[in-house]
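S.K.: Structure file final21.pdb, PDB, C-alpha atoms, is pasted below:
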```pdb
MODEL        1
ATOM      1  CA  MET A 943     -48.673 -63.554 -79.446
ATOM      2  CA  GLU A 944     -51.790 -63.251 -77.294
ATOM      3  CA  PRO A 945     -52.634 -59.836 -75.836
ATOM      4  CA  GLU A 946     -52.300 -59.395 -72.099
ATOM      5  CA  ARG A 947     -55.670 -59.518 -70.367
ATOM      6  CA  ILE A 948     -56.982 -58.253 -67.056
ATOM      7  CA  LEU A 949     -60.272 -59.512 -65.626
ATOM      8  CA  ILE A 950     -61.942 -57.002 -63.305
ATOM      9  CA  ALA A 951     -64.414 -58.621 -60.926
ATOM     10  CA  ASP A 952     -66.666 -56.612 -58.629
ATOM     11  CA  ASP A 953     -70.394 -56.495 -58.043
ATOM     12  CA  HIS A 954     -70.442 -52.707 -58.500
ATOM     13  CA  VAL A 955     -70.503 -51.653 -62.158
ATOM     14  CA  VAL A 956     -69.241 -48.133 -61.376
ATOM     15  CA  LEU A 957     -66.198 -49.490 -59.568
ATOM     16  CA  ARG A 958     -65.395 -51.853 -62.446
ATOM     17  CA  ALA A 959     -65.737 -48.976 -64.924
ATOM     18  CA  GLY A 960     -63.507 -46.723 -62.799
ATOM     19  CA  ILE A 961     -60.764 -49.329 -62.497
ATOM     20  CA  LYS A 962     -60.954 -50.042 -66.210
ATOM     21  CA  HIS A 963     -60.724 -46.307 -67.015
ATOM     22  CA  ILE A 964     -57.635 -45.840 -64.824
ATOM     23  CA  LEU A 965     -55.915 -48.894 -66.261
ATOM     24  CA  LYS A 966     -56.810 -48.227 -69.923
ATOM     25  CA  ASN A 967     -55.044 -44.868 -69.760
ATOM     26  CA  GLU A 968     -51.920 -46.408 -68.205
ATOM     27  CA  LEU A 969     -51.850 -49.728 -70.058
ATOM     28  CA  PRO A 970     -52.673 -49.127 -73.727
ATOM     29  CA  GLY A 971     -53.222 -52.306 -75.716
ATOM     30  CA  MET A 972     -54.354 -54.261 -72.664
ATOM     31  CA  GLU A 973     -57.559 -56.264 -73.065
ATOM     32  CA  PHE A 974     -60.079 -56.007 -70.230
ATOM     33  CA  GLY A 975     -62.950 -58.181 -69.137
ATOM     34  CA  GLU A 976     -65.541 -57.580 -66.462
ATOM     35  CA  ALA A 977     -67.430 -59.914 -64.154
ATOM     36  CA  ALA A 978     -70.097 -59.020 -61.603
ATOM     37  CA  SER A 979     -70.153 -62.329 -59.710
ATOM     38  CA  ALA A 980     -68.096 -65.405 -58.896
ATOM     39  CA  VAL A 981     -70.168 -67.390 -61.394
ATOM     40  CA  GLU A 982     -69.194 -64.950 -64.155
ATOM     41  CA  VAL A 983     -65.536 -65.082 -63.092
ATOM     42  CA  PHE A 984     -65.447 -68.881 -63.335
ATOM     43  CA  ARG A 985     -67.192 -68.820 -66.707
ATOM     44  CA  MET A 986     -64.783 -66.234 -68.096
ATOM     45  CA  VAL A 987     -61.711 -68.016 -66.715
ATOM     46  CA  ARG A 988     -62.823 -71.243 -68.414
ATOM     47  CA  ASN A 989     -63.247 -69.461 -71.751
ATOM     48  CA  LYS A 990     -60.092 -67.307 -71.849
ATOM     49  CA  LYS A 991     -56.620 -66.973 -70.342
ATOM     50  CA  TRP A 992     -56.241 -63.926 -68.099
ATOM     51  CA  ASN A 993     -52.905 -62.470 -67.020
ATOM     52  CA  ILE A 994     -54.343 -60.846 -63.908
ATOM     53  CA  LEU A 995     -57.389 -61.706 -61.866
ATOM     54  CA  ILE A 996     -56.206 -62.120 -58.303
ATOM     55  CA  LEU A 997     -55.523 -58.640 -56.985
ATOM     56  CA  VAL A 998     -57.900 -58.217 -54.095
ATOM     57  CA  PHE A 999     -59.289 -54.696 -53.949
ATOM     58  CA  SER A1000     -61.390 -54.281 -50.805
ATOM     59  CA  VAL A1001     -63.152 -51.677 -48.695
ATOM     60  CA  TYR A1002     -61.981 -53.492 -45.574
ATOM     61  CA  ARG A1003     -58.809 -52.356 -43.844
ATOM     62  CA  GLU A1004     -55.681 -54.256 -44.837
ATOM     63  CA  GLU A1005     -55.131 -55.781 -41.422
ATOM     64  CA  ILE A1006     -58.592 -57.349 -41.518
ATOM     65  CA  VAL A1007     -58.653 -58.999 -44.938
ATOM     66  CA  ALA A1008     -55.208 -58.920 -46.565
ATOM     67  CA  VAL A1009     -53.633 -61.907 -44.808
ATOM     68  CA  ARG A1010     -56.748 -64.008 -45.495
ATOM     69  CA  ALA A1011     -56.651 -62.945 -49.143
ATOM     70  CA  PHE A1012     -53.013 -64.033 -49.511
ATOM     71  CA  LYS A1013     -53.703 -67.340 -47.757
ATOM     72  CA  ALA A1014     -56.545 -67.897 -50.240
ATOM     73  CA  GLY A1015     -54.171 -67.407 -53.167
ATOM     74  CA  ALA A1016     -54.312 -63.683 -53.943
ATOM     75  CA  SER A1017     -51.276 -62.218 -55.663
ATOM     76  CA  GLY A1018     -51.840 -58.750 -54.266
ATOM     77  CA  TYR A1019     -54.061 -56.666 -52.019
ATOM     78  CA  LEU A1020     -55.123 -53.031 -52.171
ATOM     79  CA  SER A1021     -57.605 -51.048 -50.171
ATOM     80  CA  LYS A1022     -60.322 -49.465 -52.326
ATOM     81  CA  ASP A1023     -59.235 -46.060 -51.067
ATOM     82  CA  ALA A1024     -55.783 -46.536 -52.650
ATOM     83  CA  ALA A1025     -54.771 -43.986 -55.266
ATOM     84  CA  GLY A1026     -54.998 -44.819 -58.958
ATOM     85  CA  THR A1027     -51.208 -44.610 -59.186
ATOM     86  CA  GLU A1028     -50.885 -47.353 -56.570
ATOM     87  CA  LEU A1029     -53.328 -49.519 -58.536
ATOM     88  CA  VAL A1030     -51.229 -49.080 -61.682
ATOM     89  CA  LYS A1031     -48.040 -49.879 -59.742
ATOM     90  CA  ALA A1032     -49.656 -53.056 -58.389
ATOM     91  CA  ILE A1033     -50.790 -54.148 -61.864
ATOM     92  CA  HIS A1034     -47.293 -53.601 -63.321
ATOM     93  CA  GLN A1035     -45.783 -55.656 -60.508
ATOM     94  CA  LEU A1036     -48.279 -58.494 -61.051
ATOM     95  CA  LEU A1037     -47.690 -58.449 -64.815
ATOM     96  CA  ALA A1038     -43.979 -58.851 -64.061
ATOM     97  CA  GLY A1039     -44.821 -62.050 -62.179
ATOM     98  CA  ARG A1040     -44.311 -60.658 -58.690
ATOM     99  CA  ARG A1041     -46.726 -60.232 -55.793
ATOM    100  CA  TYR A1042     -47.906 -56.823 -54.647
ATOM    101  CA  ILE A1043     -47.804 -56.252 -50.912
ATOM    102  CA  THR A1044     -48.107 -52.857 -49.284
ATOM    103  CA  ILE A1045     -45.771 -51.983 -46.424
ATOM    104  CA  PRO A1046     -48.542 -52.190 -43.767
ATOM    105  CA  VAL A1047     -49.524 -55.685 -44.989
ATOM    106  CA  ALA A1048     -45.882 -56.840 -45.032
ATOM    107  CA  GLU A1049     -45.430 -55.578 -41.461
ATOM    108  CA  LEU A1050     -48.642 -57.298 -40.379
ATOM    109  CA  MET A1051     -47.595 -60.607 -41.949
ATOM    110  CA  ALA A1052     -44.146 -60.375 -40.358
ATOM    111  CA  SER A1053     -45.605 -59.682 -36.906
ATOM    112  CA  GLN A1054     -47.958 -62.665 -37.243
ATOM    113  CA  LEU A1055     -45.009 -64.903 -38.114
ATOM    114  CA  GLU A1056     -43.101 -63.645 -35.071
ATOM    115  CA  ASN A1057     -46.017 -63.861 -32.620
ATOM    116  CA  PRO A1058     -48.723 -66.284 -33.820
ATOM    117  CA  GLU A1059     -50.042 -66.582 -30.253
ATOM    118  CA  ASN A1060     -50.866 -62.857 -30.239
ATOM    119  CA  LYS A1061     -53.527 -63.272 -32.915
ATOM    120  CA  SER A1062     -56.925 -61.773 -32.184
ATOM    121  CA  PRO A1063     -59.791 -64.273 -31.859
ATOM    122  CA  HIS A1064     -61.189 -63.308 -35.277
ATOM    123  CA  GLU A1065     -57.812 -64.046 -36.882
ATOM    124  CA  ARG A1066     -58.081 -67.656 -35.661
ATOM    125  CA  LEU A1067     -61.380 -68.194 -37.495
ATOM    126  CA  SER A1068     -61.561 -70.139 -40.741
ATOM    127  CA  ASP A1069     -62.534 -68.130 -43.802
ATOM    128  CA  ARG A1070     -66.152 -69.369 -43.660
ATOM    129  CA  GLU A1071     -66.361 -68.699 -39.921
ATOM    130  CA  TYR A1072     -65.005 -65.199 -40.466
ATOM    131  CA  GLN A1073     -67.456 -64.587 -43.302
ATOM    132  CA  THR A1074     -70.289 -65.842 -41.076
ATOM    133  CA  LEU A1075     -69.141 -63.558 -38.236
ATOM    134  CA  LEU A1076     -69.291 -60.525 -40.551
ATOM    135  CA  HIS A1077     -72.796 -61.456 -41.712
ATOM    136  CA  ILE A1078     -74.051 -62.033 -38.154
ATOM    137  CA  ALA A1079     -72.530 -58.743 -37.033
ATOM    138  CA  SER A1080     -74.237 -57.027 -39.974
ATOM    139  CA  GLY A1081     -77.617 -58.205 -38.686
ATOM    140  CA  PHE A1082     -78.365 -61.129 -41.007
ATOM    141  CA  THR A1083     -80.228 -64.143 -39.653
ATOM    142  CA  LEU A1084     -78.760 -67.627 -39.943
ATOM    143  CA  SER A1085     -81.227 -68.473 -42.727
ATOM    144  CA  GLN A1086     -80.328 -65.312 -44.636
ATOM    145  CA  ILE A1087     -76.625 -66.127 -44.280
ATOM    146  CA  ALA A1088     -77.240 -69.707 -45.421
ATOM    147  CA  PHE A1089     -79.057 -68.395 -48.495
ATOM    148  CA  LYS A1090     -76.323 -65.808 -49.282
ATOM    149  CA  LEU A1091     -73.540 -68.392 -48.984
ATOM    150  CA  SER A1092     -75.532 -71.231 -50.594
ATOM    151  CA  LEU A1093     -75.084 -73.411 -47.514
ATOM    152  CA  ALA A1094     -77.421 -75.299 -45.195
ATOM    153  CA  ILE A1095     -78.718 -73.496 -42.120
ATOM    154  CA  SER A1096     -77.221 -76.293 -39.985
ATOM    155  CA  THR A1097     -73.787 -75.521 -41.471
ATOM    156  CA  ILE A1098     -74.131 -71.828 -40.622
ATOM    157  CA  SER A1099     -75.304 -72.807 -37.132
ATOM    158  CA  THR A1100     -72.161 -74.929 -36.729
ATOM    159  CA  TYR A1101     -70.003 -72.012 -37.874
ATOM    160  CA  ARG A1102     -71.757 -69.759 -35.367
ATOM    161  CA  ALA A1103     -71.109 -72.248 -32.550
ATOM    162  CA  ARG A1104     -67.408 -72.433 -33.493
ATOM    163  CA  ILE A1105     -67.187 -68.632 -33.651
ATOM    164  CA  LEU A1106     -68.714 -68.308 -30.190
ATOM    165  CA  GLU A1107     -66.318 -70.936 -28.841
ATOM    166  CA  LYS A1108     -63.209 -69.407 -30.427
ATOM    167  CA  THR A1109     -64.071 -65.850 -29.393
ATOM    168  CA  GLY A1110     -65.403 -66.740 -25.942
ATOM    169  CA  LEU A1111     -68.555 -64.739 -26.624
ATOM    170  CA  LYS A1112     -72.074 -65.828 -25.697
ATOM    171  CA  ASN A1113     -74.494 -64.568 -28.364
ATOM    172  CA  ASN A1114     -75.020 -62.598 -31.575
ATOM    173  CA  ALA A1115     -75.089 -59.306 -29.694
ATOM    174  CA  GLY A1116     -71.637 -60.085 -28.303
ATOM    175  CA  LEU A1117     -70.413 -60.975 -31.790
ATOM    176  CA  THR A1118     -71.790 -57.707 -33.157
ATOM    177  CA  HIS A1119     -70.104 -55.665 -30.415
ATOM    178  CA  TYR A1120     -66.856 -57.559 -31.007
ATOM    179  CA  ALA A1121     -66.989 -56.854 -34.745
ATOM    180  CA  ILE A1122     -67.688 -53.166 -34.155
ATOM    181  CA  ASP A1123     -65.009 -52.825 -31.443
ATOM    182  CA  ASN A1124     -62.439 -54.451 -33.748
ATOM    183  CA  LYS A1125     -63.594 -52.391 -36.744
ATOM    184  CA  LEU A1126     -64.481 -55.514 -38.751
ATOM    185  CA  ILE A1127     -67.677 -53.906 -40.019
TER     186      ILE A1127
ENDMDL
END
```
In structure tokens, write the structure found in this file.

M.R.:
Amino acid sequence: MEPERILIADDHVVLRAGIKHILKNELPGMEFGEAASAVEVFRMVRNKKWNILILVFSVYREEIVAVRAFKAGASGYLSKDAAGTELVKAIHQLLAGRRYITIPVAELMASQLENPENKSPHERLSDREYQTLLHIASGFTLSQIAFKLSLAISTISTYRARILEKTGLKNNAGLTHYAIDNKLI
């Protein structure tokens, strides 16, 4: 029988080490792997079977990222300020083949099902548009964003145009204010 394996992916080595430390104490016999980038994740997934990879652990507030994470295929979502005990609870639930959803995320998802027309403009953006909005609001130029996302500048420019149209804003300054006002950054 193969050992159960958890792949921890984050670009911060200290965070990966901290998660691994918490989980090793609670899950003896578990095998852990670490990846610092998407490229490493894909390489490791091709080479080995992992029981858990898709628990999104983010610094962003649940209402901002959680629904997008689930739509993208995540099995669970936790804020990085969650307690170690909550992380362990989430891992146990995922190992049992269930999803892990916090009460605030469940309430958010239920309210979006009830009132899809009440979505904020940023919730109507595609994942790439949303990602582009966050980069613009963080002060990156279109060429810097294109480089970071490995896309053409024209593609980023198209995303920007769609973002402006969907939000009703006029320029990058408006996008930045919107992101700050809605606590997206």

S.K.: Tell me which residues the PyMOL selection byres ((chain A and resi 1074-1085) around 12) grabs here, as a PDB file with C-alpha atoms, in the coordinates of the input.

M.R.:
```pdb
ATOM      1  CA  TYR A1002     -61.981 -53.492 -45.574  1.00  0.00           C
ATOM      2  CA  ILE A1006     -58.592 -57.349 -41.518  1.00  0.00           C
ATOM      3  CA  VAL A1007     -58.653 -58.999 -44.938  1.00  0.00           C
ATOM      4  CA  PRO A1063     -59.791 -64.273 -31.859  1.00  0.00           C
ATOM      5  CA  HIS A1064     -61.189 -63.308 -35.277  1.00  0.00           C
ATOM      6  CA  GLU A1065     -57.812 -64.046 -36.882  1.00  0.00           C
ATOM      7  CA  LEU A1067     -61.380 -68.194 -37.495  1.00  0.00           C
ATOM      8  CA  SER A1068     -61.561 -70.139 -40.741  1.00  0.00           C
ATOM      9  CA  ASP A1069     -62.534 -68.130 -43.802  1.00  0.00           C
ATOM     10  CA  ARG A1070     -66.152 -69.369 -43.660  1.00  0.00           C
ATOM     11  CA  GLU A1071     -66.361 -68.699 -39.921  1.00  0.00           C
ATOM     12  CA  TYR A1072     -65.005 -65.199 -40.466  1.00  0.00           C
ATOM     13  CA  GLN A1073     -67.456 -64.587 -43.302  1.00  0.00           C
ATOM     14  CA  GLN A1086     -80.328 -65.312 -44.636  1.00  0.00           C
ATOM     15  CA  ILE A1087     -76.625 -66.127 -44.280  1.00  0.00           C
ATOM     16  CA  ALA A1088     -77.240 -69.707 -45.421  1.00  0.00           C
ATOM     17  CA  PHE A1089     -79.057 -68.395 -48.495  1.00  0.00           C
ATOM     18  CA  LYS A1090     -76.323 -65.808 -49.282  1.00  0.00           C
ATOM     19  CA  LEU A1091     -73.540 -68.392 -48.984  1.00  0.00           C
ATOM     20  CA  SER A1092     -75.532 -71.231 -50.594  1.00  0.00           C
ATOM     21  CA  LEU A1093     -75.084 -73.411 -47.514  1.00  0.00           C
ATOM     22  CA  ALA A1094     -77.421 -75.299 -45.195  1.00  0.00           C
ATOM     23  CA  ILE A1095     -78.718 -73.496 -42.120  1.00  0.00           C
ATOM     24  CA  SER A1096     -77.221 -76.293 -39.985  1.00  0.00           C
ATOM     25  CA  THR A1097     -73.787 -75.521 -41.471  1.00  0.00           C
ATOM     26  CA  ILE A1098     -74.131 -71.828 -40.622  1.00  0.00           C
ATOM     27  CA  SER A1099     -75.304 -72.807 -37.132  1.00  0.00           C
ATOM     28  CA  THR A1100     -72.161 -74.929 -36.729  1.00  0.00           C
ATOM     29  CA  TYR A1101     -70.003 -72.012 -37.874  1.00  0.00           C
ATOM     30  CA  ARG A1102     -71.757 -69.759 -35.367  1.00  0.00           C
ATOM     31  CA  ALA A1103     -71.109 -72.248 -32.550  1.00  0.00           C
ATOM     32  CA  ARG A1104     -67.408 -72.433 -33.493  1.00  0.00           C
ATOM     33  CA  ILE A1105     -67.187 -68.632 -33.651  1.00  0.00           C
ATOM     34  CA  LEU A1106     -68.714 -68.308 -30.190  1.00  0.00           C
ATOM     35  CA  LYS A1108     -63.209 -69.407 -30.427  1.00  0.00           C
ATOM     36  CA  THR A1109     -64.071 -65.850 -29.393  1.00  0.00           C
ATOM     37  CA  LEU A1111     -68.555 -64.739 -26.624  1.00  0.00           C
ATOM     38  CA  ASN A1113     -74.494 -64.568 -28.364  1.00  0.00           C
ATOM     39  CA  ASN A1114     -75.020 -62.598 -31.575  1.00  0.00           C
ATOM     40  CA  ALA A1115     -75.089 -59.306 -29.694  1.00  0.00           C
ATOM     41  CA  GLY A1116     -71.637 -60.085 -28.303  1.00  0.00           C
ATOM     42  CA  LEU A1117     -70.413 -60.975 -31.790  1.00  0.00           C
ATOM     43  CA  THR A1118     -71.790 -57.707 -33.157  1.00  0.00           C
ATOM     44  CA  HIS A1119     -70.104 -55.665 -30.415  1.00  0.00           C
ATOM     45  CA  TYR A1120     -66.856 -57.559 -31.007  1.00  0.00           C
ATOM     46  CA  ALA A1121     -66.989 -56.854 -34.745  1.00  0.00           C
ATOM     47  CA  ILE A1122     -67.688 -53.166 -34.155  1.00  0.00           C
ATOM     48  CA  ASP A1123     -65.009 -52.825 -31.443  1.00  0.00           C
ATOM     49  CA  ASN A1124     -62.439 -54.451 -33.748  1.00  0.00           C
ATOM     50  CA  LYS A1125     -63.594 -52.391 -36.744  1.00  0.00           C
ATOM     51  CA  LEU A1126     -64.481 -55.514 -38.751  1.00  0.00           C
ATOM     52  CA  ILE A1127     -67.677 -53.906 -40.019  1.00  0.00           C
TER      53      ILE A1127
END
```

S.K.: Excluding same-chain residues fewer than 6 positions from Val981 in chain A, what lies within 12 Å of it counting all atoms listed in the file, as a PyMOL selection string?

M.R.: chain A and resi 951-953+987-988

S.K.: With all atoms listed in the file as the atoms that count, which of A:Ile994, A:Val1001, A:Leu969, A:Met1051 lies nearest to Gly1039 in chain A?

M.R.: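 Between A:Ile994, A:Val1001, A:Leu969, A:Met1051, the residue approaching Gly1039 in chain A most closely is A:Ile994.
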
S.K.: Expressed in Å to a single decimal, how great is the separation between CA of Phe984 in chain A and CA of His963 in chain A?

M.R.: 23.4 Å

S.K.: Considering all atoms listed in the file, state which residue in the set A:Leu965, A:Glu944, A:Arg1066, A:Met986 is at the smallest distance from Glu1107 in chain A.

M.R.: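 Of the candidates, the smallest distance to Glu1107 in chain A is held by A:Arg1066.
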
S.K.: Just give me the gap between CA of Arg1041 in chain A and CA of Gly1018 in chain A in Å, one decimal is fine.

M.R.: 5.5 Å

S.K.: Between CA of Lys1022 in chain A and CA of Ser1000 in chain A, what distance in Å does the model show, to one decimal?

M.R.: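 Spanning CA of Lys1022 in chain A to CA of Ser1000 in chain A is a straight-line distance of 5.2 Å.
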
S.K.: If we count only C-alpha atoms, what is near Val1009 in chain A at a cut-off of 8 Å, once residues fewer than 4 positions away on the same chain are taken out, given as a PyMOL selection string?

M.R.: chain A and resi 1004-1005+1013+1047+1051

S.K.: Keeping only C-alpha atoms, write those residues as a compact mmCIF listing (two decimals), keeping the file's coordinate frame.

M.R.:
```txt
# COMPACT_ATOMS: atom_id res chain seq x y z
CA GLU A 1004 -55.68 -54.26 -44.84
CA GLU A 1005 -55.13 -55.78 -41.42
CA LYS A 1013 -53.70 -67.34 -47.76
CA VAL A 1047 -49.52 -55.68 -44.99
CA MET A 1051 -47.60 -60.61 -41.95
```

S.K.: Using all atoms listed in the file, collect all residues at a distance of at most 12 Å from (-49.6, -48.0, -50.7) as written in the file, then present them as a ChimeraX atom specification.

M.R.: /A:1004,1018-1032,1042-1048

S.K.: Select, from A:Asn993, A:Phe974, A:Lys966, A:Leu1050, the residue with the minimum atom-to-atom distance to Ala1038 in chain A, counting all atoms listed in the file.

M.R.: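 Comparing A:Asn993, A:Phe974, A:Lys966, A:Leu1050 against Ala1038 in chain A, the winner is A:Asn993.
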
S.K.: Check what the PyMOL selection byres ((chain A and resi 992) around 8) selects in the file above and give those residues as a ChimeraX atom specification.

M.R.: /A:946-949,987,990-991,993-995

S.K.: Counting only C-alpha atoms, which of A:Leu957, A:Pro945, A:Val998, A:Phe1012 gets nearest to Glu973 in chain A?

M.R.: A:Pro945

S.K.: I'd like the box whose edges run along x, y and z of the file and which contains every listed atom of range 988-1002 of chain A, padded by 5 Å per side; could you state its centre and edge lengths in Å, one decimal, as AutoDock Vina command-line options?

M.R.:
```
--center_x -58.1 --center_y -61.5 --center_z -58.7 --size_x 20.3 --size_y 29.6 --size_z 36.3
```

S.K.: If I only have part of range 953-968 of chain A, can you fill in N, CA, C and O atoms and write it as a PDB file, keeping the file's coordinate frame?

M.R.:
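So result-v5.pdb came out as:
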```pdb
ATOM      1  N   ASP A 953     -68.950 -56.541 -57.837  1.00  0.00           N
ATOM      2  CA  ASP A 953     -70.394 -56.495 -58.043  1.00  0.00           C
ATOM      3  C   ASP A 953     -70.907 -55.081 -58.305  1.00  0.00           C
ATOM      4  O   ASP A 953     -72.072 -54.895 -58.608  1.00  0.00           O
ATOM      5  N   HIS A 954     -70.046 -54.087 -58.233  1.00  0.00           N
ATOM      6  CA  HIS A 954     -70.442 -52.707 -58.500  1.00  0.00           C
ATOM      7  C   HIS A 954     -69.937 -52.264 -59.877  1.00  0.00           C
ATOM      8  O   HIS A 954     -68.729 -52.146 -60.093  1.00  0.00           O
ATOM      9  N   VAL A 955     -70.857 -52.005 -60.780  1.00  0.00           N
ATOM     10  CA  VAL A 955     -70.503 -51.653 -62.158  1.00  0.00           C
ATOM     11  C   VAL A 955     -69.679 -50.365 -62.220  1.00  0.00           C
ATOM     12  O   VAL A 955     -68.749 -50.253 -63.023  1.00  0.00           O
ATOM     13  N   VAL A 956     -69.973 -49.407 -61.364  1.00  0.00           N
ATOM     14  CA  VAL A 956     -69.241 -48.133 -61.376  1.00  0.00           C
ATOM     15  C   VAL A 956     -67.789 -48.351 -60.969  1.00  0.00           C
ATOM     16  O   VAL A 956     -66.876 -47.773 -61.564  1.00  0.00           O
ATOM     17  N   LEU A 957     -67.561 -49.203 -59.990  1.00  0.00           N
ATOM     18  CA  LEU A 957     -66.198 -49.490 -59.568  1.00  0.00           C
ATOM     19  C   LEU A 957     -65.427 -50.190 -60.688  1.00  0.00           C
ATOM     20  O   LEU A 957     -64.285 -49.835 -60.983  1.00  0.00           O
ATOM     21  N   ARG A 958     -66.061 -51.173 -61.326  1.00  0.00           N
ATOM     22  CA  ARG A 958     -65.395 -51.853 -62.446  1.00  0.00           C
ATOM     23  C   ARG A 958     -65.038 -50.852 -63.545  1.00  0.00           C
ATOM     24  O   ARG A 958     -63.929 -50.872 -64.077  1.00  0.00           O
ATOM     25  N   ALA A 959     -65.973 -49.975 -63.871  1.00  0.00           N
ATOM     26  CA  ALA A 959     -65.737 -48.976 -64.924  1.00  0.00           C
ATOM     27  C   ALA A 959     -64.608 -48.026 -64.532  1.00  0.00           C
ATOM     28  O   ALA A 959     -63.763 -47.667 -65.369  1.00  0.00           O
ATOM     29  N   GLY A 960     -64.566 -47.625 -63.269  1.00  0.00           N
ATOM     30  CA  GLY A 960     -63.507 -46.723 -62.799  1.00  0.00           C
ATOM     31  C   GLY A 960     -62.131 -47.360 -62.873  1.00  0.00           C
ATOM     32  O   GLY A 960     -61.158 -46.742 -63.330  1.00  0.00           O
ATOM     33  N   ILE A 961     -62.044 -48.615 -62.441  1.00  0.00           N
ATOM     34  CA  ILE A 961     -60.764 -49.329 -62.497  1.00  0.00           C
ATOM     35  C   ILE A 961     -60.319 -49.481 -63.951  1.00  0.00           C
ATOM     36  O   ILE A 961     -59.169 -49.226 -64.290  1.00  0.00           O
ATOM     37  N   LYS A 962     -61.260 -49.856 -64.790  1.00  0.00           N
ATOM     38  CA  LYS A 962     -60.954 -50.042 -66.210  1.00  0.00           C
ATOM     39  C   LYS A 962     -60.465 -48.728 -66.830  1.00  0.00           C
ATOM     40  O   LYS A 962     -59.490 -48.712 -67.578  1.00  0.00           O
ATOM     41  N   HIS A 963     -61.104 -47.621 -66.494  1.00  0.00           N
ATOM     42  CA  HIS A 963     -60.724 -46.307 -67.015  1.00  0.00           C
ATOM     43  C   HIS A 963     -59.292 -45.951 -66.598  1.00  0.00           C
ATOM     44  O   HIS A 963     -58.481 -45.503 -67.423  1.00  0.00           O
ATOM     45  N   ILE A 964     -58.985 -46.146 -65.325  1.00  0.00           N
ATOM     46  CA  ILE A 964     -57.635 -45.840 -64.824  1.00  0.00           C
ATOM     47  C   ILE A 964     -56.603 -46.687 -65.556  1.00  0.00           C
ATOM     48  O   ILE A 964     -55.579 -46.192 -66.020  1.00  0.00           O
ATOM     49  N   LEU A 965     -56.891 -47.979 -65.666  1.00  0.00           N
ATOM     50  CA  LEU A 965     -55.915 -48.894 -66.261  1.00  0.00           C
ATOM     51  C   LEU A 965     -55.778 -48.726 -67.774  1.00  0.00           C
ATOM     52  O   LEU A 965     -54.682 -48.867 -68.314  1.00  0.00           O
ATOM     53  N   LYS A 966     -56.880 -48.415 -68.459  1.00  0.00           N
ATOM     54  CA  LYS A 966     -56.810 -48.227 -69.923  1.00  0.00           C
ATOM     55  C   LYS A 966     -55.878 -47.075 -70.275  1.00  0.00           C
ATOM     56  O   LYS A 966     -55.142 -47.152 -71.259  1.00  0.00           O
ATOM     57  N   ASN A 967     -55.915 -46.013 -69.494  1.00  0.00           N
ATOM     58  CA  ASN A 967     -55.044 -44.868 -69.760  1.00  0.00           C
ATOM     59  C   ASN A 967     -53.579 -45.214 -69.536  1.00  0.00           C
ATOM     60  O   ASN A 967     -52.700 -44.690 -70.214  1.00  0.00           O
ATOM     61  N   GLU A 968     -53.298 -46.072 -68.559  1.00  0.00           N
ATOM     62  CA  GLU A 968     -51.920 -46.408 -68.205  1.00  0.00           C
ATOM     63  C   GLU A 968     -51.374 -47.627 -68.936  1.00  0.00           C
ATOM     64  O   GLU A 968     -50.171 -47.804 -69.017  1.00  0.00           O
TER      65      GLU A 968
END
```
